[in-house]
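Visitor: One file: query.txt (compact mmCIF, C-alpha atoms).
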# COMPACT_ATOMS: atom_id res chain seq x y z
CA MET A 216 -2.35 -0.63 1.12
CA GLY A 217 -3.60 -3.63 -0.78
CA THR A 218 -7.26 -4.33 -1.30
CA LEU A 219 -9.03 -6.73 1.03
CA ASN A 220 -9.37 -10.35 -0.05
CA ARG A 221 -13.13 -10.69 0.17
CA THR A 222 -13.13 -14.34 -0.93
CA GLU A 223 -10.79 -15.39 1.87
CA LEU A 224 -12.70 -13.31 4.41
CA ASP A 225 -16.02 -14.85 3.36
CA SER A 226 -14.48 -18.31 3.64
CA LEU A 227 -13.26 -17.58 7.18
CA GLU A 228 -16.69 -16.21 8.07
CA ARG A 229 -18.37 -19.42 6.88
CA ARG A 230 -15.93 -21.55 8.85
CA GLU A 231 -16.66 -19.59 12.01
CA LEU A 232 -20.39 -19.98 11.44
CA HIS A 233 -19.94 -23.73 10.96
CA LEU A 234 -17.97 -23.95 14.22
CA THR A 235 -20.70 -22.05 16.06
CA ILE A 236 -23.41 -24.33 14.69
CA LEU A 237 -21.32 -27.38 15.58
CA ALA A 238 -20.83 -26.12 19.15
CA ALA A 239 -24.56 -25.42 19.52
CA ALA A 240 -25.44 -28.88 18.15
CA PHE A 241 -22.91 -30.51 20.51
CA VAL A 242 -24.44 -28.72 23.52
CA LEU A 243 -27.96 -29.69 22.45
CA VAL A 244 -27.02 -33.35 21.97
CA GLN A 245 -25.32 -33.56 25.35
CA ALA A 246 -28.16 -31.73 27.09
CA ALA A 247 -30.75 -33.95 25.40
CA GLY A 248 -28.85 -37.08 26.46
CA LEU A 249 -28.59 -35.86 30.03
CA ALA A 250 -32.29 -34.95 30.06
CA VAL A 251 -33.18 -38.47 28.88
CA PHE A 252 -31.24 -39.96 31.80
CA MET A 253 -32.81 -37.47 34.22
CA TYR A 254 -36.40 -38.03 33.06
CA PRO A 255 -37.06 -41.38 34.92
CA LEU A 256 -35.61 -40.02 38.16
CA VAL A 257 -37.66 -36.84 37.93
CA PHE A 258 -41.03 -38.05 36.62
CA LEU A 259 -41.25 -41.86 37.00
CA HIS A 260 -39.30 -42.66 40.15
CA PRO A 261 -38.71 -39.37 41.98
CA VAL A 262 -36.52 -39.47 45.07
CA GLY A 263 -37.34 -36.65 47.48
CA ASN A 264 -39.45 -33.62 46.62
CA ARG A 265 -40.67 -34.19 43.07
CA TRP A 266 -41.51 -30.52 42.49
CA THR A 267 -37.99 -29.51 43.31
CA LEU A 268 -36.65 -32.14 40.92
CA ARG A 269 -39.03 -31.03 38.19
CA ALA A 270 -38.09 -27.38 38.69
CA ALA A 271 -34.42 -28.31 38.41
CA PHE A 272 -35.12 -30.38 35.28
CA PHE A 273 -37.01 -27.62 33.49
CA GLY A 274 -34.44 -25.09 34.68
CA PHE A 275 -31.69 -27.20 33.16
CA CYS A 276 -33.57 -27.38 29.84
CA ALA A 277 -34.18 -23.62 29.89
CA LEU A 278 -30.52 -22.85 30.63
CA THR A 279 -29.45 -25.13 27.78
CA LEU A 280 -31.72 -23.31 25.34
CA LEU A 281 -30.51 -19.94 26.63
CA PHE A 282 -26.88 -20.99 26.18
CA VAL A 283 -27.51 -22.14 22.61
CA GLY A 284 -29.32 -18.88 21.93
CA TYR A 285 -26.37 -16.98 23.39
CA LEU A 286 -23.94 -18.78 21.05
CA LEU A 287 -26.03 -17.93 17.99
CA ASP A 288 -26.58 -14.33 19.11
CA ARG A 289 -22.85 -13.92 19.76
CA GLN A 290 -22.10 -15.21 16.26
CA ARG A 291 -24.53 -12.69 14.75
CA THR A 292 -23.11 -9.81 16.83
CA VAL A 293 -19.50 -10.64 15.96
CA ARG A 294 -20.43 -10.91 12.30
CA LYS A 295 -22.01 -7.45 12.35
CA LEU A 296 -18.95 -5.98 14.07
CA LYS A 297 -16.65 -7.58 11.51
CA GLN A 298 -18.73 -6.18 8.66
CA GLN A 299 -18.52 -2.71 10.20
CA ILE A 300 -14.74 -3.02 10.62
CA LEU A 301 -14.32 -4.23 7.04
CA ALA A 302 -16.46 -1.38 5.75
CA GLU A 303 -14.30 1.09 7.71
CA LEU A 304 -11.11 -0.51 6.40
CA GLU A 305 -12.35 -0.28 2.83
CA ARG A 306 -13.28 3.34 3.43
CA ASN A 307 -9.77 4.05 4.77
CA VAL A 308 -8.21 2.33 1.76
CA THR A 309 -10.34 4.44 -0.55
CA LEU A 310 -9.38 7.63 1.29
CA GLN A 311 -5.67 6.74 1.18
CA HIS A 312 -5.93 6.01 -2.53
CA GLN A 313 -7.67 9.32 -3.13
CA ALA A 314 -5.03 11.13 -1.08
CA SER A 315 -2.31 9.51 -3.19
CA VAL A 316 -4.07 10.56 -6.39
CA ASP A 317 -4.45 14.11 -5.10
CA LEU A 318 -0.76 14.27 -4.16
CA LEU A 319 0.34 13.13 -7.59
CA GLN A 320 -2.04 15.54 -9.30
CA THR A 321 -0.60 18.46 -7.34
CA MET A 322 3.02 17.59 -8.17
CA PRO A 323 4.71 19.81 -10.78
CA ASP A 324 4.62 18.25 -14.25
CA GLN A 325 6.77 18.50 -17.39
CA ASN A 326 5.84 22.11 -18.15
CA HIS A 327 7.09 23.30 -14.77
CA PHE A 328 10.13 21.06 -15.07
CA TRP A 329 11.30 22.51 -18.42
CA ASP A 330 10.90 26.06 -17.11
CA ARG A 331 12.78 25.31 -13.91
CA LEU A 332 15.55 23.41 -15.71
CA THR A 333 16.10 26.24 -18.17
CA MET A 334 16.14 28.86 -15.42
CA GLU A 335 18.54 26.91 -13.20
CA PHE A 336 20.83 26.15 -16.13
CA ARG A 337 21.06 29.82 -17.09
CA ARG A 338 21.75 30.74 -13.49
CA ALA A 339 24.49 28.10 -13.23
CA MET A 340 26.11 29.38 -16.42
CA SER A 341 25.96 33.06 -15.48
CA MET A 342 27.19 32.49 -11.92
CA GLN A 343 29.61 29.71 -12.88
CA LYS A 344 27.93 27.26 -10.53
CA THR A 345 27.26 23.54 -10.85
CA LEU A 346 23.86 22.00 -11.56
CA SER A 347 22.86 18.37 -11.11
CA LEU A 348 19.86 16.48 -12.37
CA LEU A 349 18.73 13.16 -10.89
CA LEU A 350 16.39 10.98 -12.93
CA VAL A 351 14.54 8.31 -10.95
CA LYS A 352 12.90 5.58 -13.01
CA ALA A 353 10.88 2.76 -11.50
CA LYS A 354 10.85 -0.79 -12.81
CA PRO A 355 9.73 -4.26 -11.63
CA ALA A 356 11.86 -5.65 -8.81
CA ASN A 357 12.05 -9.01 -10.63
CA ALA A 358 13.24 -8.44 -14.17
CA SER A 359 11.96 -11.88 -15.24
CA ALA A 360 8.38 -11.11 -14.25
CA LYS A 361 6.21 -10.66 -17.32
CA VAL A 362 3.23 -9.16 -15.56
CA ASP A 363 3.98 -6.90 -12.66
CA ARG A 364 2.47 -4.12 -10.66
CA LEU A 365 4.54 -1.62 -12.63
CA THR A 366 3.28 -2.89 -15.99
CA VAL A 367 -0.29 -2.53 -14.83
CA ALA A 368 0.50 0.92 -13.49
CA ILE A 369 1.86 2.09 -16.84
CA GLU A 370 -1.38 1.02 -18.51
CA LYS A 371 -3.66 2.22 -15.74
CA ASP A 372 -2.01 4.94 -13.66
CA ASP A 373 -4.70 5.18 -10.99
CA GLU A 374 -4.30 1.55 -9.95
CA SER A 375 -0.76 2.17 -8.68
CA SER A 376 -0.97 5.79 -7.57
CA GLU A 377 -0.20 4.72 -4.01
CA ALA A 378 3.21 3.39 -5.09
CA TRP A 379 4.11 6.58 -6.91
CA SER A 380 2.81 8.70 -4.04
CA ASP A 381 4.91 6.76 -1.51
CA ALA A 382 7.97 7.14 -3.74
CA ALA A 383 7.41 10.88 -4.14
CA LYS A 384 6.99 11.38 -0.39
CA ALA A 385 10.06 9.26 0.37
CA MET A 386 12.25 11.27 -2.01
CA SER A 387 10.85 14.61 -0.85
CA ARG A 388 11.98 13.86 2.71
CA LYS A 389 15.63 13.77 1.55
CA LEU A 390 15.60 16.96 -0.52
CA ARG A 391 17.04 20.31 0.47
CA PRO A 392 14.91 23.47 0.45
CA THR A 393 16.55 24.57 -2.80
CA ASP A 394 15.88 21.25 -4.56
CA SER A 395 12.71 20.43 -6.47
CA ILE A 396 11.02 17.24 -7.62
CA TYR A 397 8.87 16.70 -10.71
CA ARG A 398 6.83 13.83 -12.07
CA LEU A 399 7.57 13.62 -15.79
CA SER A 400 5.67 10.42 -16.59
CA THR A 401 4.00 7.48 -14.88
CA ASP A 402 7.26 5.90 -13.75
CA LEU A 403 9.77 8.75 -14.09
CA PHE A 404 10.69 11.45 -11.58
CA ALA A 405 13.21 14.26 -12.03
CA LEU A 406 15.03 16.10 -9.25
CA VAL A 407 16.73 19.43 -9.97
CA LEU A 408 19.64 20.09 -7.59
CA PRO A 409 21.09 23.62 -7.92
CA GLU A 410 24.71 24.21 -6.94
CA THR A 411 25.39 20.48 -6.59
CA ASP A 412 28.50 18.80 -7.97
CA VAL A 413 28.81 15.19 -9.07
CA LEU A 414 29.98 13.87 -5.71
CA ASN A 415 27.16 15.48 -3.75
CA ALA A 416 24.65 14.38 -6.37
CA LYS A 417 25.80 10.79 -5.90
CA ARG A 418 25.48 11.12 -2.14
CA ILE A 419 21.94 12.40 -2.50
CA ALA A 420 21.18 9.51 -4.85
CA VAL A 421 22.42 7.03 -2.25
CA ARG A 422 20.23 8.64 0.41
CA LEU A 423 17.27 8.43 -1.95
CA GLN A 424 17.93 4.73 -2.54
CA GLU A 425 17.98 4.14 1.22
CA GLU A 426 14.74 6.07 1.66
CA LEU A 427 13.09 4.12 -1.16
CA GLN A 428 13.80 0.74 0.44
CA GLY A 429 10.40 0.72 2.13
CA VAL A 430 8.68 1.51 -1.16
CA ARG A 431 10.58 -1.29 -2.89
CA ALA A 432 9.54 -3.83 -0.26
CA LYS A 433 5.92 -2.66 -0.13
CA HIS A 434 5.20 -2.34 -3.85
CA ASN A 435 7.77 -4.76 -5.36
CA LEU A 436 9.49 -2.01 -7.33
CA ALA A 437 13.10 -1.11 -8.03
CA PHE A 438 14.42 2.35 -8.79
CA ASP A 439 17.24 3.32 -11.14
CA ILE A 440 18.76 6.70 -10.29
CA THR A 441 21.05 8.38 -12.80
CA ALA A 442 23.00 11.56 -12.10
CA HIS A 443 23.76 14.19 -14.73
CA ASN A 444 25.86 17.24 -13.98
CA TYR A 445 26.73 20.54 -15.58
CA PRO A 446 29.50 21.20 -16.52
CA GLU A 447 31.03 17.74 -16.07
CA HIS A 448 28.60 15.69 -18.17
CA VAL A 449 26.83 18.27 -20.32
CA LYS A 450 27.75 21.67 -21.71
CA SER A 451 24.33 23.00 -22.76
CA SER A 452 20.72 22.86 -21.64
CA HIS A 453 19.77 21.05 -24.87
CA GLU A 454 21.93 18.12 -23.89
CA LEU A 455 20.14 17.85 -20.56
CA GLU A 456 16.78 18.09 -22.31
CA ASP A 457 17.75 15.33 -24.73
CA ILE A 458 18.72 13.05 -21.83
CA VAL A 459 15.37 13.59 -20.16
CA LYS A 460 13.39 13.20 -23.37
CA SER A 461 15.12 9.92 -24.10
CA LEU A 462 13.48 8.45 -20.98
CA LEU A 463 10.00 9.76 -21.65
CA PRO A 464 7.51 7.23 -23.10
CA ALA A 465 6.64 9.41 -26.08
CA GLN A 466 10.30 9.96 -26.97
CA ASP A 467 11.55 6.39 -27.18
CA GLU A 468 13.10 7.03 -30.58
CA TRP A 469 15.50 9.63 -29.16
CA THR A 470 18.87 8.62 -27.76
CA PRO A 471 20.81 10.15 -24.90
CA ALA A 472 23.20 12.87 -25.91
CA VAL A 473 25.85 12.05 -23.32
CA PRO A 474 26.54 9.02 -21.15
CA ALA A 475 25.03 9.08 -17.70
CA GLU A 476 26.69 7.95 -14.53
CA LYS A 477 24.54 5.36 -12.80
CA VAL A 478 24.57 5.41 -9.04
CA PRO A 479 24.32 1.93 -7.52
CA ALA A 480 22.43 1.52 -4.28
CA GLY A 481 24.58 1.54 -1.17
CA LYS A 482 27.70 3.03 -2.78
CA VAL A 483 29.00 6.58 -2.82
In structure tokens, how does this file's structure come out?

Guide:
Amino acid sequence: MGTLNRTELDSLERRELHLTILAAAFVLVQAAGLAVFMYPLVFLHPVGNRWTLRAAFFGFCALTLLFVGYLLDRQRTVRKLKQQILAELERNVTLQHQASVDLLQTMPDQNHFWDRLTMEFRRAMSMQKTLSLLLVKAKPANASAKVDRLTVAIEKDDESSEAWSDAAKAMSRKLRPTDSIYRLSTDLFALVLPETDVLNAKRIAVRLQEELQGVRAKHNLAFDITAHNYPEHVKSSHELEDIVKSLLPAQDEWTPAVPAEKVPAGKV
């Protein structure tokens, strides 16, 4: 959830106050004009019971003042309620941000990922099974944008933790019980898929792309998903490790050991 635009809200609040003051002034001017016309008939040339006319005149003036007071009091009450609602909204935004940060902090990191990748690779080799690895990397939705939410997030991770948390939750919903997800860097996730061939890995990647559509629209991000499979693409665990390390920020000088098959969104 984005932060509240306090400047725009303050501007709307001032406009509403101006409208309330204008309405009160309009009522006072009309009531004063009517009272001026009523004054000769009530005090100078009364027709009928003058006390009744005077009571009606003063009652009219009192009702006018009460109505103006009601308008101003209503404006003050509504303003207080709006401030309470805005304070509650800001509190909810803060809680959601903290929940996103907590989720990302509890996700397995690189250390767990290397251990799990090595273990699953040895199991696949010994049991002659397949093993797939999906690497999900986020990037700005508009490649021409120089400054984007993602760029800011790379420099300051906490400012975009909600985007990464939404992406992690979206991908987790499409995983099997045997699959696992890891956050390797600010904008890189890895999914280990035991006993998954290339075709099924591509199908899972397509489902992930569909699940990430809401995250793309909400946070203006795009996601590149690459699939790597043993034994079709790699023959050793070191090759898989080199592919992953080539995408890590601290390993930019490394190059991928084998070509990766990119899975376009919406195609199997």

Visitor: What does the distance between atom CA of A:Leu348 and atom CA of A:Ala405 come to in Å, to one decimal place?

Guide: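 Atom-to-atom, atom CA of A:Leu348 to atom CA of A:Ala405, that is 7.0 Å.
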
Visitor: Just give me the gap between atom CA of A:Val251 and atom CA of A:Asp288 in Å, one decimal is fine.

Guide: 26.9 Å

Visitor: Find the distance between atom CA of A:Ala437 and atom CA of A:Lys352 and write it in Å to one decimal.

Guide: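 If I compute the distance from atom CA of A:Ala437 to atom CA of A:Lys352, I get 8.3 Å.
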
Visitor: When distances are computed from all atoms listed in the file, which of A:Ala416, A:Leu403, A:Met342, A:Leu237 shows the smallest separation from A:Gln325?

Guide: A:Leu403

Visitor: Report as JSON lines: every residue of stretch 374-398 of chain A with an atom at most 9 Å from stretch 426-433 of chain A, its closest pair of atoms, and their distance in Å to one decimal, counting all atoms listed in the file, with rows sorted by chain and ascending residue number.

Guide:
{"residue": "A:Ala378", "atom": "CA", "partner": "A:Val430", "partner_atom": "CA", "distance": 7.0}
{"residue": "A:Trp379", "atom": "CA", "partner": "A:Val430", "partner_atom": "CA", "distance": 8.9}
{"residue": "A:Asp381", "atom": "CA", "partner": "A:Val430", "partner_atom": "CA", "distance": 6.5}
{"residue": "A:Ala382", "atom": "CA", "partner": "A:Val430", "partner_atom": "CA", "distance": 6.2}
{"residue": "A:Ala385", "atom": "CA", "partner": "A:Glu426", "partner_atom": "CA", "distance": 5.8}
{"residue": "A:Met386", "atom": "CA", "partner": "A:Glu426", "partner_atom": "CA", "distance": 6.8}
{"residue": "A:Arg388", "atom": "CA", "partner": "A:Glu426", "partner_atom": "CA", "distance": 8.3}
{"residue": "A:Lys389", "atom": "CA", "partner": "A:Glu426", "partner_atom": "CA", "distance": 7.8}

Visitor: Any chance you could export the current selection's C-alpha atoms as a PDB file, in the coordinates of the input?

Guide:
ATOM      1  CA  ALA A 378       3.210   3.390  -5.090  1.00  0.00           C
ATOM      2  CA  TRP A 379       4.110   6.580  -6.910  1.00  0.00           C
ATOM      3  CA  ASP A 381       4.910   6.760  -1.510  1.00  0.00           C
ATOM      4  CA  ALA A 382       7.970   7.140  -3.740  1.00  0.00           C
ATOM      5  CA  ALA A 385      10.060   9.260   0.370  1.00  0.00           C
ATOM      6  CA  MET A 386      12.250  11.270  -2.010  1.00  0.00           C
ATOM      7  CA  ARG A 388      11.980  13.860   2.710  1.00  0.00           C
ATOM      8  CA  LYS A 389      15.630  13.770   1.550  1.00  0.00           C
TER       9      LYS A 389
END

Visitor: Find the axis-aligned box for stretch 385-398 of chain A, covering all its listed atoms and adding 6 Å on each side, and write its centre and edge lengths in Å to one decimal as lines of an AutoDock Vina configuration file.

Guide:
center_x = 11.9
center_y = 16.9
center_z = -4.7
size_x = 22.2
size_y = 27.3
size_z = 26.8

Visitor: Provide stretch 296-307 of chain A rebuilt to all heavy atoms, formatted as a PDB file, keeping the file's coordinate frame.

Guide:
ATOM      1  N   LEU A 296     -20.119  -6.795  13.750  1.00  0.00           N
ATOM      2  CA  LEU A 296     -18.950  -5.980  14.070  1.00  0.00           C
ATOM      3  C   LEU A 296     -17.855  -6.137  13.007  1.00  0.00           C
ATOM      4  O   LEU A 296     -17.211  -5.158  12.611  1.00  0.00           O
ATOM      5  CB  LEU A 296     -18.404  -6.373  15.446  1.00  0.00           C
ATOM      6  CG  LEU A 296     -19.287  -6.013  16.645  1.00  0.00           C
ATOM      7  CD1 LEU A 296     -18.687  -6.568  17.930  1.00  0.00           C
ATOM      8  CD2 LEU A 296     -19.463  -4.509  16.758  1.00  0.00           C
ATOM      9  N   LYS A 297     -17.655  -7.361  12.549  1.00  0.00           N
ATOM     10  CA  LYS A 297     -16.650  -7.580  11.510  1.00  0.00           C
ATOM     11  C   LYS A 297     -17.024  -6.851  10.220  1.00  0.00           C
ATOM     12  O   LYS A 297     -16.166  -6.270   9.546  1.00  0.00           O
ATOM     13  CB  LYS A 297     -16.488  -9.074  11.245  1.00  0.00           C
ATOM     14  CG  LYS A 297     -15.759  -9.825  12.337  1.00  0.00           C
ATOM     15  CD  LYS A 297     -15.606 -11.289  11.975  1.00  0.00           C
ATOM     16  CE  LYS A 297     -14.835 -12.030  13.053  1.00  0.00           C
ATOM     17  NZ  LYS A 297     -14.677 -13.481  12.736  1.00  0.00           N
ATOM     18  N   GLN A 298     -18.302  -6.881   9.870  1.00  0.00           N
ATOM     19  CA  GLN A 298     -18.730  -6.180   8.660  1.00  0.00           C
ATOM     20  C   GLN A 298     -18.504  -4.674   8.794  1.00  0.00           C
ATOM     21  O   GLN A 298     -18.098  -4.012   7.836  1.00  0.00           O
ATOM     22  CB  GLN A 298     -20.202  -6.478   8.391  1.00  0.00           C
ATOM     23  CG  GLN A 298     -20.458  -7.905   7.930  1.00  0.00           C
ATOM     24  CD  GLN A 298     -21.934  -8.205   7.736  1.00  0.00           C
ATOM     25  OE1 GLN A 298     -22.804  -7.410   8.123  1.00  0.00           O
ATOM     26  NE2 GLN A 298     -22.238  -9.349   7.140  1.00  0.00           N
ATOM     27  N   GLN A 299     -18.761  -4.128   9.990  1.00  0.00           N
ATOM     28  CA  GLN A 299     -18.520  -2.710  10.200  1.00  0.00           C
ATOM     29  C   GLN A 299     -17.025  -2.380  10.098  1.00  0.00           C
ATOM     30  O   GLN A 299     -16.634  -1.360   9.505  1.00  0.00           O
ATOM     31  CB  GLN A 299     -19.060  -2.287  11.568  1.00  0.00           C
ATOM     32  CG  GLN A 299     -20.578  -2.354  11.676  1.00  0.00           C
ATOM     33  CD  GLN A 299     -21.076  -1.998  13.063  1.00  0.00           C
ATOM     34  OE1 GLN A 299     -20.281  -1.699  13.963  1.00  0.00           O
ATOM     35  NE2 GLN A 299     -22.381  -2.040  13.256  1.00  0.00           N
ATOM     36  N   ILE A 300     -16.186  -3.252  10.680  1.00  0.00           N
ATOM     37  CA  ILE A 300     -14.740  -3.020  10.620  1.00  0.00           C
ATOM     38  C   ILE A 300     -14.239  -3.109   9.184  1.00  0.00           C
ATOM     39  O   ILE A 300     -13.430  -2.283   8.742  1.00  0.00           O
ATOM     40  CB  ILE A 300     -14.005  -4.037  11.521  1.00  0.00           C
ATOM     41  CG1 ILE A 300     -14.342  -3.775  12.996  1.00  0.00           C
ATOM     42  CG2 ILE A 300     -12.502  -3.966  11.298  1.00  0.00           C
ATOM     43  CD1 ILE A 300     -13.772  -4.806  13.937  1.00  0.00           C
ATOM     44  N   LEU A 301     -14.735  -4.098   8.432  1.00  0.00           N
ATOM     45  CA  LEU A 301     -14.320  -4.230   7.040  1.00  0.00           C
ATOM     46  C   LEU A 301     -14.772  -3.037   6.212  1.00  0.00           C
ATOM     47  O   LEU A 301     -14.025  -2.549   5.351  1.00  0.00           O
ATOM     48  CB  LEU A 301     -14.890  -5.528   6.453  1.00  0.00           C
ATOM     49  CG  LEU A 301     -14.289  -6.837   6.984  1.00  0.00           C
ATOM     50  CD1 LEU A 301     -14.999  -8.033   6.368  1.00  0.00           C
ATOM     51  CD2 LEU A 301     -12.809  -6.909   6.702  1.00  0.00           C
ATOM     52  N   ALA A 302     -15.982  -2.560   6.472  1.00  0.00           N
ATOM     53  CA  ALA A 302     -16.460  -1.380   5.750  1.00  0.00           C
ATOM     54  C   ALA A 302     -15.590  -0.161   6.058  1.00  0.00           C
ATOM     55  O   ALA A 302     -15.268   0.644   5.169  1.00  0.00           O
ATOM     56  CB  ALA A 302     -17.917  -1.107   6.101  1.00  0.00           C
ATOM     57  N   GLU A 303     -15.166  -0.034   7.337  1.00  0.00           N
ATOM     58  CA  GLU A 303     -14.300   1.090   7.710  1.00  0.00           C
ATOM     59  C   GLU A 303     -12.915   0.947   7.086  1.00  0.00           C
ATOM     60  O   GLU A 303     -12.323   1.944   6.641  1.00  0.00           O
ATOM     61  CB  GLU A 303     -14.180   1.142   9.239  1.00  0.00           C
ATOM     62  CG  GLU A 303     -13.513   2.390   9.770  1.00  0.00           C
ATOM     63  CD  GLU A 303     -14.332   3.639   9.511  1.00  0.00           C
ATOM     64  OE1 GLU A 303     -15.563   3.515   9.336  1.00  0.00           O
ATOM     65  OE2 GLU A 303     -13.744   4.734   9.492  1.00  0.00           O
ATOM     66  N   LEU A 304     -12.411  -0.288   7.034  1.00  0.00           N
ATOM     67  CA  LEU A 304     -11.110  -0.510   6.400  1.00  0.00           C
ATOM     68  C   LEU A 304     -11.162  -0.168   4.913  1.00  0.00           C
ATOM     69  O   LEU A 304     -10.244   0.462   4.376  1.00  0.00           O
ATOM     70  CB  LEU A 304     -10.669  -1.959   6.592  1.00  0.00           C
ATOM     71  CG  LEU A 304     -10.183  -2.359   7.992  1.00  0.00           C
ATOM     72  CD1 LEU A 304      -9.896  -3.848   8.047  1.00  0.00           C
ATOM     73  CD2 LEU A 304      -8.943  -1.565   8.380  1.00  0.00           C
ATOM     74  N   GLU A 305     -12.224  -0.599   4.246  1.00  0.00           N
ATOM     75  CA  GLU A 305     -12.350  -0.280   2.830  1.00  0.00           C
ATOM     76  C   GLU A 305     -12.478   1.225   2.615  1.00  0.00           C
ATOM     77  O   GLU A 305     -11.942   1.778   1.645  1.00  0.00           O
ATOM     78  CB  GLU A 305     -13.571  -1.002   2.246  1.00  0.00           C
ATOM     79  CG  GLU A 305     -13.385  -2.512   2.141  1.00  0.00           C
ATOM     80  CD  GLU A 305     -14.600  -3.194   1.558  1.00  0.00           C
ATOM     81  OE1 GLU A 305     -15.671  -2.542   1.503  1.00  0.00           O
ATOM     82  OE2 GLU A 305     -14.486  -4.364   1.149  1.00  0.00           O
ATOM     83  N   ARG A 306     -13.162   1.884   3.527  1.00  0.00           N
ATOM     84  CA  ARG A 306     -13.280   3.340   3.430  1.00  0.00           C
ATOM     85  C   ARG A 306     -11.908   3.995   3.600  1.00  0.00           C
ATOM     86  O   ARG A 306     -11.555   4.930   2.876  1.00  0.00           O
ATOM     87  CB  ARG A 306     -14.249   3.860   4.477  1.00  0.00           C
ATOM     88  CG  ARG A 306     -14.399   5.379   4.508  1.00  0.00           C
ATOM     89  CD  ARG A 306     -15.475   5.789   5.502  1.00  0.00           C
ATOM     90  NE  ARG A 306     -15.551   7.233   5.620  1.00  0.00           N
ATOM     91  CZ  ARG A 306     -14.827   7.951   6.466  1.00  0.00           C
ATOM     92  NH1 ARG A 306     -13.978   7.331   7.281  1.00  0.00           N
ATOM     93  NH2 ARG A 306     -14.936   9.263   6.518  1.00  0.00           N
ATOM     94  N   ASN A 307     -11.117   3.494   4.566  1.00  0.00           N
ATOM     95  CA  ASN A 307      -9.770   4.050   4.770  1.00  0.00           C
ATOM     96  C   ASN A 307      -8.877   3.812   3.552  1.00  0.00           C
ATOM     97  O   ASN A 307      -8.082   4.684   3.166  1.00  0.00           O
ATOM     98  CB  ASN A 307      -9.139   3.432   6.016  1.00  0.00           C
ATOM     99  CG  ASN A 307      -9.832   3.871   7.287  1.00  0.00           C
ATOM    100  OD1 ASN A 307     -10.481   4.906   7.323  1.00  0.00           O
ATOM    101  ND2 ASN A 307      -9.698   3.082   8.342  1.00  0.00           N
TER     102      ASN A 307
END
